[in-house]
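A.B. asks: Below is run05.cif; it holds mmCIF, N, CA and C atoms.
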```
data_protein
#
loop_
_atom_site.label_atom_id
_atom_site.label_comp_id
_atom_site.auth_asym_id
_atom_site.auth_seq_id
_atom_site.Cartn_x
_atom_site.Cartn_y
_atom_site.Cartn_z
N MET S 145 -30.43 -27.11 95.55
CA MET S 145 -29.07 -27.60 95.66
C MET S 145 -28.26 -26.64 96.50
N GLN S 146 -27.48 -27.21 97.34
CA GLN S 146 -26.55 -26.40 98.13
C GLN S 146 -25.14 -26.78 97.71
N PHE S 147 -24.40 -25.82 97.24
CA PHE S 147 -23.06 -26.08 96.75
C PHE S 147 -22.03 -25.63 97.77
N TYR S 148 -21.02 -26.47 97.95
CA TYR S 148 -19.87 -26.07 98.76
C TYR S 148 -18.94 -25.23 97.88
N ASP S 149 -18.09 -24.42 98.52
CA ASP S 149 -17.18 -23.56 97.77
C ASP S 149 -16.32 -24.36 96.79
N SER S 150 -15.84 -25.50 97.23
CA SER S 150 -14.97 -26.30 96.36
C SER S 150 -15.74 -26.82 95.15
N GLU S 151 -17.02 -27.13 95.31
CA GLU S 151 -17.83 -27.58 94.17
C GLU S 151 -18.05 -26.45 93.18
N ILE S 152 -18.27 -25.25 93.70
CA ILE S 152 -18.42 -24.09 92.82
C ILE S 152 -17.13 -23.82 92.06
N LYS S 153 -15.99 -24.03 92.70
CA LYS S 153 -14.71 -23.84 92.02
C LYS S 153 -14.58 -24.80 90.84
N VAL S 154 -14.95 -26.05 91.05
CA VAL S 154 -14.91 -27.04 89.97
C VAL S 154 -15.86 -26.62 88.86
N LEU S 155 -17.08 -26.27 89.23
CA LEU S 155 -18.08 -25.90 88.23
C LEU S 155 -17.67 -24.64 87.47
N ASN S 156 -17.11 -23.66 88.15
CA ASN S 156 -16.67 -22.44 87.47
C ASN S 156 -15.65 -22.75 86.38
N ILE S 157 -14.73 -23.64 86.67
CA ILE S 157 -13.73 -24.03 85.67
C ILE S 157 -14.41 -24.72 84.50
N LEU S 158 -15.32 -25.63 84.79
CA LEU S 158 -16.00 -26.35 83.71
C LEU S 158 -16.89 -25.42 82.89
N TRP S 159 -17.56 -24.48 83.54
CA TRP S 159 -18.37 -23.52 82.79
C TRP S 159 -17.49 -22.66 81.88
N ARG S 160 -16.32 -22.31 82.36
CA ARG S 160 -15.43 -21.46 81.58
C ARG S 160 -14.85 -22.20 80.37
N TYR S 161 -14.43 -23.46 80.59
CA TYR S 161 -13.74 -24.20 79.53
C TYR S 161 -14.63 -25.20 78.80
N GLY S 162 -15.80 -25.48 79.34
CA GLY S 162 -16.72 -26.40 78.68
C GLY S 162 -16.49 -27.84 79.06
N GLU S 163 -15.35 -28.37 78.71
CA GLU S 163 -15.05 -29.77 79.00
C GLU S 163 -13.56 -29.90 79.25
N LEU S 164 -13.22 -30.69 80.24
CA LEU S 164 -11.81 -30.87 80.59
C LEU S 164 -11.54 -32.32 80.92
N ALA S 165 -10.29 -32.72 80.79
CA ALA S 165 -9.88 -34.04 81.25
C ALA S 165 -9.98 -34.07 82.77
N ALA S 166 -10.32 -35.23 83.31
CA ALA S 166 -10.52 -35.36 84.76
C ALA S 166 -9.31 -34.89 85.56
N GLY S 167 -8.14 -35.06 85.03
CA GLY S 167 -6.93 -34.64 85.74
C GLY S 167 -6.46 -33.27 85.33
N ALA S 168 -7.37 -32.41 84.93
CA ALA S 168 -7.01 -31.10 84.40
C ALA S 168 -6.08 -30.35 85.35
N LYS S 169 -5.02 -29.84 84.81
CA LYS S 169 -4.05 -29.10 85.60
C LYS S 169 -4.58 -27.73 86.01
N ILE S 170 -5.58 -27.25 85.31
CA ILE S 170 -6.09 -25.90 85.55
C ILE S 170 -6.58 -25.74 87.00
N LEU S 171 -7.20 -26.78 87.56
CA LEU S 171 -7.66 -26.69 88.95
C LEU S 171 -6.47 -26.59 89.90
N GLY S 172 -5.42 -27.29 89.59
CA GLY S 172 -4.21 -27.18 90.40
C GLY S 172 -3.58 -25.81 90.29
N GLU S 173 -3.54 -25.31 89.06
CA GLU S 173 -2.92 -24.00 88.83
C GLU S 173 -3.73 -22.87 89.46
N GLU S 174 -5.06 -22.90 89.29
CA GLU S 174 -5.89 -21.80 89.77
C GLU S 174 -6.25 -21.91 91.25
N GLU S 175 -6.39 -23.12 91.73
CA GLU S 175 -6.82 -23.31 93.11
C GLU S 175 -5.71 -23.80 94.04
N GLY S 176 -4.58 -24.19 93.47
CA GLY S 176 -3.48 -24.70 94.28
C GLY S 176 -3.74 -26.11 94.78
N TRP S 177 -4.66 -26.81 94.11
CA TRP S 177 -4.99 -28.17 94.52
C TRP S 177 -3.97 -29.16 93.98
N LYS S 178 -3.70 -30.17 94.80
CA LYS S 178 -2.87 -31.28 94.34
C LYS S 178 -3.74 -32.17 93.45
N ARG S 179 -3.08 -33.04 92.73
CA ARG S 179 -3.80 -33.93 91.80
C ARG S 179 -4.85 -34.77 92.52
N THR S 180 -4.51 -35.28 93.70
CA THR S 180 -5.48 -36.11 94.43
C THR S 180 -6.69 -35.29 94.88
N THR S 181 -6.46 -34.05 95.27
CA THR S 181 -7.57 -33.17 95.66
C THR S 181 -8.48 -32.90 94.47
N THR S 182 -7.87 -32.66 93.32
CA THR S 182 -8.65 -32.42 92.10
C THR S 182 -9.53 -33.63 91.80
N TYR S 183 -8.95 -34.82 91.83
CA TYR S 183 -9.73 -36.03 91.57
C TYR S 183 -10.85 -36.22 92.59
N THR S 184 -10.53 -35.97 93.85
CA THR S 184 -11.54 -36.11 94.92
C THR S 184 -12.69 -35.15 94.70
N MET S 185 -12.39 -33.90 94.40
CA MET S 185 -13.46 -32.91 94.21
C MET S 185 -14.28 -33.20 92.97
N LEU S 186 -13.63 -33.61 91.90
CA LEU S 186 -14.37 -33.99 90.70
C LEU S 186 -15.29 -35.18 90.99
N GLN S 187 -14.78 -36.16 91.73
CA GLN S 187 -15.59 -37.34 92.04
C GLN S 187 -16.80 -36.97 92.90
N LYS S 188 -16.62 -36.07 93.84
CA LYS S 188 -17.75 -35.61 94.66
C LYS S 188 -18.80 -34.94 93.80
N CYS S 189 -18.35 -34.11 92.85
CA CYS S 189 -19.29 -33.44 91.95
C CYS S 189 -19.99 -34.44 91.04
N ILE S 190 -19.28 -35.47 90.61
CA ILE S 190 -19.88 -36.53 89.80
C ILE S 190 -20.92 -37.28 90.62
N ASP S 191 -20.56 -37.64 91.86
CA ASP S 191 -21.48 -38.38 92.74
C ASP S 191 -22.77 -37.61 93.00
N LYS S 192 -22.67 -36.29 93.08
CA LYS S 192 -23.85 -35.45 93.34
C LYS S 192 -24.62 -35.13 92.07
N GLY S 193 -24.06 -35.50 90.93
CA GLY S 193 -24.74 -35.24 89.66
C GLY S 193 -24.48 -33.87 89.07
N TYR S 194 -23.52 -33.14 89.61
CA TYR S 194 -23.19 -31.81 89.10
C TYR S 194 -22.30 -31.89 87.86
N VAL S 195 -21.55 -33.01 87.76
CA VAL S 195 -20.58 -33.20 86.68
C VAL S 195 -20.80 -34.59 86.10
N ARG S 196 -20.63 -34.66 84.78
CA ARG S 196 -20.70 -35.95 84.08
C ARG S 196 -19.31 -36.22 83.50
N ARG S 197 -18.87 -37.46 83.66
CA ARG S 197 -17.56 -37.85 83.13
C ARG S 197 -17.75 -38.94 82.10
N SER S 198 -17.18 -38.72 80.94
CA SER S 198 -17.22 -39.76 79.91
C SER S 198 -16.06 -40.71 80.16
N GLU S 199 -16.30 -41.97 79.91
CA GLU S 199 -15.24 -42.96 80.12
C GLU S 199 -14.14 -42.81 79.08
N LYS S 200 -14.52 -42.39 77.90
CA LYS S 200 -13.51 -42.20 76.85
C LYS S 200 -12.75 -40.91 77.13
N GLY S 201 -11.51 -41.04 77.52
CA GLY S 201 -10.67 -39.88 77.79
C GLY S 201 -10.94 -39.23 79.14
N PHE S 202 -11.85 -39.78 79.91
CA PHE S 202 -12.19 -39.25 81.23
C PHE S 202 -12.45 -37.75 81.17
N ARG S 203 -13.24 -37.34 80.20
CA ARG S 203 -13.58 -35.93 80.02
C ARG S 203 -14.73 -35.57 80.95
N CYS S 204 -14.63 -34.41 81.60
CA CYS S 204 -15.66 -33.95 82.54
C CYS S 204 -16.37 -32.73 81.98
N ARG S 205 -17.69 -32.68 82.23
CA ARG S 205 -18.52 -31.56 81.78
C ARG S 205 -19.58 -31.32 82.86
N ALA S 206 -19.89 -30.05 83.11
CA ALA S 206 -20.95 -29.70 84.07
C ALA S 206 -22.29 -30.17 83.50
N THR S 207 -23.17 -30.64 84.37
CA THR S 207 -24.49 -31.13 83.92
C THR S 207 -25.54 -30.03 83.93
N MET S 208 -25.16 -28.84 84.37
CA MET S 208 -26.10 -27.72 84.43
C MET S 208 -25.36 -26.45 84.05
N THR S 209 -26.11 -25.46 83.66
CA THR S 209 -25.51 -24.16 83.36
C THR S 209 -25.32 -23.39 84.67
N ARG S 210 -24.53 -22.34 84.59
CA ARG S 210 -24.32 -21.47 85.75
C ARG S 210 -25.67 -20.91 86.24
N GLU S 211 -26.51 -20.50 85.30
CA GLU S 211 -27.80 -19.92 85.65
C GLU S 211 -28.69 -20.94 86.35
N GLU S 212 -28.69 -22.18 85.88
CA GLU S 212 -29.48 -23.23 86.53
C GLU S 212 -29.00 -23.48 87.96
N ALA S 213 -27.70 -23.51 88.15
CA ALA S 213 -27.14 -23.72 89.48
C ALA S 213 -27.50 -22.56 90.40
N GLN S 214 -27.39 -21.33 89.89
CA GLN S 214 -27.72 -20.16 90.71
C GLN S 214 -29.20 -20.18 91.10
N MET S 215 -30.07 -20.46 90.15
CA MET S 215 -31.51 -20.48 90.44
C MET S 215 -31.85 -21.56 91.47
N SER S 216 -31.25 -22.71 91.31
CA SER S 216 -31.52 -23.81 92.24
C SER S 216 -31.05 -23.46 93.65
N SER S 217 -29.87 -22.88 93.75
CA SER S 217 -29.31 -22.51 95.04
C SER S 217 -30.14 -21.42 95.71
N VAL S 218 -30.49 -20.40 94.95
CA VAL S 218 -31.29 -19.29 95.49
C VAL S 218 -32.67 -19.78 95.91
N SER S 219 -33.29 -20.59 95.07
CA SER S 219 -34.63 -21.11 95.38
C SER S 219 -34.62 -21.91 96.69
N GLU S 220 -33.60 -22.73 96.86
CA GLU S 220 -33.51 -23.53 98.08
C GLU S 220 -33.37 -22.63 99.31
N GLN S 221 -32.52 -21.61 99.22
CA GLN S 221 -32.32 -20.71 100.35
C GLN S 221 -33.59 -19.93 100.68
N ILE S 222 -34.31 -19.49 99.66
CA ILE S 222 -35.55 -18.75 99.88
C ILE S 222 -36.58 -19.66 100.55
N GLU S 223 -36.71 -20.89 100.06
CA GLU S 223 -37.67 -21.83 100.64
C GLU S 223 -37.36 -22.14 102.09
N LYS S 224 -36.08 -22.23 102.44
CA LYS S 224 -35.68 -22.53 103.81
C LYS S 224 -35.93 -21.35 104.75
N SER S 225 -35.77 -20.13 104.26
CA SER S 225 -35.73 -18.97 105.13
C SER S 225 -36.98 -18.10 105.12
N TYR S 226 -37.82 -18.22 104.10
CA TYR S 226 -38.98 -17.32 103.98
C TYR S 226 -40.24 -18.12 103.70
N SER S 227 -41.37 -17.52 104.06
CA SER S 227 -42.65 -18.19 103.84
C SER S 227 -43.06 -18.17 102.37
N SER S 228 -42.51 -17.23 101.59
CA SER S 228 -42.82 -17.14 100.16
C SER S 228 -41.74 -16.31 99.47
N LYS S 229 -41.76 -16.34 98.16
CA LYS S 229 -40.83 -15.51 97.40
C LYS S 229 -41.14 -14.04 97.61
N THR S 230 -42.43 -13.73 97.74
CA THR S 230 -42.82 -12.34 98.00
C THR S 230 -42.24 -11.86 99.32
N ALA S 231 -42.27 -12.69 100.35
CA ALA S 231 -41.70 -12.32 101.65
C ALA S 231 -40.20 -12.08 101.52
N PHE S 232 -39.54 -12.90 100.72
CA PHE S 232 -38.11 -12.69 100.49
C PHE S 232 -37.85 -11.34 99.84
N PHE S 233 -38.59 -11.03 98.77
CA PHE S 233 -38.37 -9.77 98.06
C PHE S 233 -38.68 -8.58 98.95
N LYS S 234 -39.72 -8.67 99.75
CA LYS S 234 -40.04 -7.57 100.67
C LYS S 234 -38.89 -7.35 101.65
N ALA S 235 -38.37 -8.43 102.20
CA ALA S 235 -37.26 -8.32 103.15
C ALA S 235 -36.02 -7.78 102.46
N TYR S 236 -35.72 -8.28 101.30
CA TYR S 236 -34.52 -7.84 100.58
C TYR S 236 -34.61 -6.39 100.16
N LEU S 237 -35.72 -6.02 99.57
CA LEU S 237 -35.86 -4.66 99.05
C LEU S 237 -35.99 -3.62 100.16
N SER S 238 -36.49 -4.02 101.32
CA SER S 238 -36.61 -3.06 102.41
C SER S 238 -35.26 -2.74 103.05
N LYS S 239 -34.28 -3.60 102.85
CA LYS S 239 -32.96 -3.41 103.47
C LYS S 239 -31.92 -2.85 102.50
N GLU S 240 -32.21 -2.85 101.24
CA GLU S 240 -31.22 -2.45 100.25
C GLU S 240 -31.55 -1.08 99.66
N ASN S 241 -30.53 -0.29 99.45
CA ASN S 241 -30.69 0.97 98.73
C ASN S 241 -30.40 0.69 97.27
N LEU S 242 -31.43 0.70 96.46
CA LEU S 242 -31.28 0.41 95.05
C LEU S 242 -31.11 1.69 94.26
N SER S 243 -30.29 1.62 93.23
CA SER S 243 -30.13 2.77 92.34
C SER S 243 -31.37 2.88 91.45
N GLU S 244 -31.53 4.01 90.84
CA GLU S 244 -32.67 4.22 89.93
C GLU S 244 -32.63 3.21 88.79
N GLN S 245 -31.44 2.94 88.29
CA GLN S 245 -31.29 1.96 87.21
C GLN S 245 -31.72 0.57 87.66
N GLU S 246 -31.32 0.18 88.86
CA GLU S 246 -31.71 -1.14 89.38
C GLU S 246 -33.22 -1.23 89.55
N ILE S 247 -33.83 -0.17 90.02
CA ILE S 247 -35.28 -0.15 90.17
C ILE S 247 -35.96 -0.31 88.82
N GLN S 248 -35.47 0.39 87.80
CA GLN S 248 -36.05 0.29 86.46
C GLN S 248 -35.88 -1.13 85.90
N GLU S 249 -34.72 -1.74 86.14
CA GLU S 249 -34.48 -3.11 85.69
C GLU S 249 -35.44 -4.08 86.37
N LEU S 250 -35.71 -3.88 87.64
CA LEU S 250 -36.65 -4.73 88.36
C LEU S 250 -38.06 -4.59 87.80
N PHE S 251 -38.45 -3.36 87.50
CA PHE S 251 -39.77 -3.13 86.89
C PHE S 251 -39.87 -3.84 85.54
N GLN S 252 -38.81 -3.82 84.76
CA GLN S 252 -38.81 -4.49 83.47
C GLN S 252 -38.94 -6.01 83.63
N ILE S 253 -38.28 -6.55 84.63
CA ILE S 253 -38.36 -7.98 84.89
C ILE S 253 -39.78 -8.36 85.29
N VAL S 254 -40.39 -7.56 86.16
CA VAL S 254 -41.74 -7.86 86.63
C VAL S 254 -42.75 -7.76 85.48
N ASP S 255 -42.57 -6.76 84.60
CA ASP S 255 -43.47 -6.61 83.44
C ASP S 255 -43.32 -7.80 82.53
#
```
Could you express the structure from this file as structure tokens?
C.D. replies:
Amino acid sequence: MQFYDSEIKVLNILWRYGELAAGAKILGEEEGWKRTTTYTMLQKCIDKGYVRRSEKGFRCRATMTREEAQMSSVSEQIEKSYSSKTAFFKAYLSKENLSEQEIQELFQIVD
């Protein structure tokens, strides 16, 4: 999945609050969106399957967790840009200066 910035903004709000009315003012307050923009962005997220809206009360909820969205997005980018996940990690780790703590955390993940 490839998410646009505006879709991530919608999802971040839903992940934070869990469930909101489709016309939630919070998107307007935090993003400066007008009501029509909020409805348009919610509808786009619904159309893509990122958000589910119940007809009763027009309540919206994300259909995936933040972690699922991150994994899907990262996996897609790796598949597009590298021949394998190993090639990605080699490229990433060769360019980054990791702290000792980060290296230890990576070893724990691999174990």
A.B. asks: So what does the PyMOL selection byres ((chain S and resi 206-213) around 7) actually pick up in this one, as a CSV table (one decimal) with N, CA and C atoms, keeping the file's coordinate frame?
C.D. replies:
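Result written to selection.csv:
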```csv
chain,number,residue,atom,x,y,z
S,155,LEU,N,-17.1,-26.3,89.2
S,155,LEU,CA,-18.1,-25.9,88.2
S,155,LEU,C,-17.7,-24.6,87.5
S,158,LEU,N,-15.3,-25.6,84.8
S,158,LEU,CA,-16.0,-26.4,83.7
S,158,LEU,C,-16.9,-25.4,82.9
S,159,TRP,N,-17.6,-24.5,83.5
S,159,TRP,CA,-18.4,-23.5,82.8
S,159,TRP,C,-17.5,-22.7,81.9
S,162,GLY,N,-15.8,-25.5,79.3
S,162,GLY,CA,-16.7,-26.4,78.7
S,162,GLY,C,-16.5,-27.8,79.1
S,163,GLU,N,-15.4,-28.4,78.7
S,163,GLU,CA,-15.0,-29.8,79.0
S,163,GLU,C,-13.6,-29.9,79.2
S,193,GLY,N,-24.1,-35.5,90.9
S,193,GLY,CA,-24.7,-35.2,89.7
S,193,GLY,C,-24.5,-33.9,89.1
S,194,TYR,N,-23.5,-33.1,89.6
S,194,TYR,CA,-23.2,-31.8,89.1
S,194,TYR,C,-22.3,-31.9,87.9
S,195,VAL,N,-21.6,-33.0,87.8
S,195,VAL,CA,-20.6,-33.2,86.7
S,195,VAL,C,-20.8,-34.6,86.1
S,196,ARG,N,-20.6,-34.7,84.8
S,196,ARG,CA,-20.7,-36.0,84.1
S,196,ARG,C,-19.3,-36.2,83.5
S,204,CYS,N,-14.6,-34.4,81.6
S,204,CYS,CA,-15.7,-34.0,82.5
S,204,CYS,C,-16.4,-32.7,82.0
S,205,ARG,N,-17.7,-32.7,82.2
S,205,ARG,CA,-18.5,-31.6,81.8
S,205,ARG,C,-19.6,-31.3,82.9
S,214,GLN,N,-27.4,-21.3,89.9
S,214,GLN,CA,-27.7,-20.2,90.7
S,214,GLN,C,-29.2,-20.2,91.1
S,215,MET,N,-30.1,-20.5,90.2
S,215,MET,CA,-31.5,-20.5,90.4
S,215,MET,C,-31.8,-21.6,91.5
S,216,SER,N,-31.2,-22.7,91.3
S,216,SER,CA,-31.5,-23.8,92.2
S,216,SER,C,-31.0,-23.5,93.6
S,217,SER,N,-29.9,-22.9,93.8
S,217,SER,CA,-29.3,-22.5,95.0
S,217,SER,C,-30.1,-21.4,95.7
S,218,VAL,N,-30.5,-20.4,95.0
S,218,VAL,CA,-31.3,-19.3,95.5
S,218,VAL,C,-32.7,-19.8,95.9
```
A.B. asks: To one decimal in Å, tell me the separation between atom C of Leu242 of chain S and atom N of Ser219 of chain S.
C.D. replies: 22.4 Å
A.B. asks: Calculate how many Å separate atom C of Phe233 of chain S from atom C of Asp255 of chain S, rounding to one decimal.
C.D. replies: 17.1 Å
A.B. asks: Looking only at the backbone, which of the residues in chain S does DSSP tag as alpha helix (DSSP H), as a PyMOL selection string?
C.D. replies: chain S and resi 149-161+169-175+179-191+210-225+229-239+244-254
A.B. asks: Can you list every residue in chain S that DSSP puts in strand (DSSP E), as a PDB file with N, CA and C atoms, keeping the file's coordinate frame?
C.D. replies:
```
ATOM      1  N   GLU S 163     -15.350 -28.370  78.710  1.00  0.00           N
ATOM      2  CA  GLU S 163     -15.050 -29.770  79.000  1.00  0.00           C
ATOM      3  C   GLU S 163     -13.560 -29.900  79.250  1.00  0.00           C
ATOM      4  N   LEU S 164     -13.220 -30.690  80.240  1.00  0.00           N
ATOM      5  CA  LEU S 164     -11.810 -30.870  80.590  1.00  0.00           C
ATOM      6  C   LEU S 164     -11.540 -32.320  80.920  1.00  0.00           C
ATOM      7  N   ALA S 165     -10.290 -32.720  80.790  1.00  0.00           N
ATOM      8  CA  ALA S 165      -9.880 -34.040  81.250  1.00  0.00           C
ATOM      9  C   ALA S 165      -9.980 -34.070  82.770  1.00  0.00           C
ATOM     10  N   VAL S 195     -21.550 -33.010  87.760  1.00  0.00           N
ATOM     11  CA  VAL S 195     -20.580 -33.200  86.680  1.00  0.00           C
ATOM     12  C   VAL S 195     -20.800 -34.590  86.100  1.00  0.00           C
ATOM     13  N   ARG S 196     -20.630 -34.660  84.780  1.00  0.00           N
ATOM     14  CA  ARG S 196     -20.700 -35.950  84.080  1.00  0.00           C
ATOM     15  C   ARG S 196     -19.310 -36.220  83.500  1.00  0.00           C
ATOM     16  N   ARG S 197     -18.870 -37.460  83.660  1.00  0.00           N
ATOM     17  CA  ARG S 197     -17.560 -37.850  83.130  1.00  0.00           C
ATOM     18  C   ARG S 197     -17.750 -38.940  82.100  1.00  0.00           C
ATOM     19  N   ARG S 203     -13.240 -37.340  80.200  1.00  0.00           N
ATOM     20  CA  ARG S 203     -13.580 -35.930  80.020  1.00  0.00           C
ATOM     21  C   ARG S 203     -14.730 -35.570  80.950  1.00  0.00           C
ATOM     22  N   CYS S 204     -14.630 -34.410  81.600  1.00  0.00           N
ATOM     23  CA  CYS S 204     -15.660 -33.950  82.540  1.00  0.00           C
ATOM     24  C   CYS S 204     -16.370 -32.730  81.980  1.00  0.00           C
ATOM     25  N   ARG S 205     -17.690 -32.680  82.230  1.00  0.00           N
ATOM     26  CA  ARG S 205     -18.520 -31.560  81.780  1.00  0.00           C
ATOM     27  C   ARG S 205     -19.580 -31.320  82.860  1.00  0.00           C
ATOM     28  N   ALA S 206     -19.890 -30.050  83.110  1.00  0.00           N
ATOM     29  CA  ALA S 206     -20.950 -29.700  84.070  1.00  0.00           C
ATOM     30  C   ALA S 206     -22.290 -30.170  83.500  1.00  0.00           C
TER      31      ALA S 206
END
```
A.B. asks: Using all atoms listed in the file, which residue out of S:Ile170, S:Val154, S:Leu164, S:Ile222 lies closest to Leu186 of chain S?
C.D. replies: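 Looking only at the distances to Leu186 of chain S, the closest residue turns out to be S:Val154.
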A.B. asks: What is the distance, in Å and to one decimal place, between atom CA of Tyr148 of chain S and atom CA of Asp191 of chain S?
C.D. replies: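 Calculated distance between atom CA of Tyr148 of chain S and atom CA of Asp191 of chain S is 13.8 Å.
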A.B. asks: Taking all atoms of segment 173-187 of chain S that the file lists and extending 6 Å past them on each side, where is the centre of the axis-aligned box and how long are its edges? Answer in Å to one decimal, as AutoDock Vina command-line options.
C.D. replies:
```
--center_x -9.8 --center_y -29.6 --center_z 92.2 --size_x 25.9 --size_y 27.5 --size_z 18.8
```
A.B. asks: Name the residues in contact with Glu151 of chain S at a cut-off of 8 Å, using all atoms listed in the file, excluding same-chain residues fewer than 6 positions from it; report them as an NGL selection string.
C.D. replies: :S and (157 or 185-186 or 188-189)
A.B. asks: With distances taken over only N, CA and C atoms, which residue among S:Tyr183, S:Ala166, S:Val254, S:Met145 lies nearest Gly201 of chain S?
C.D. replies: S:Ala166
A.B. asks: Just checking: using only C-alpha atoms, which residue out of S:Gly167, S:Gly172, S:Ser225, S:Ile190 ends up closest to Phe202 of chain S?
C.D. replies: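 Ranked by minimum distance to Phe202 of chain S, first place goes to S:Gly167.
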A.B. asks: Kindly indicate which residue among S:Ile253, S:Ile247, S:Ile152, S:Ala235 lies nearest to Glu175 of chain S, using only C-alpha atoms for the distances.
C.D. replies: S:Ile152
A.B. asks: Of the candidates S:Trp177, S:Lys153, S:Gln245, S:Gln146, which shows the shortest atom-to-atom distance to Lys224 of chain S, using only C-alpha atoms?
C.D. replies: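 Checking each candidate against Lys224 of chain S, we get S:Gln146 as the closest.
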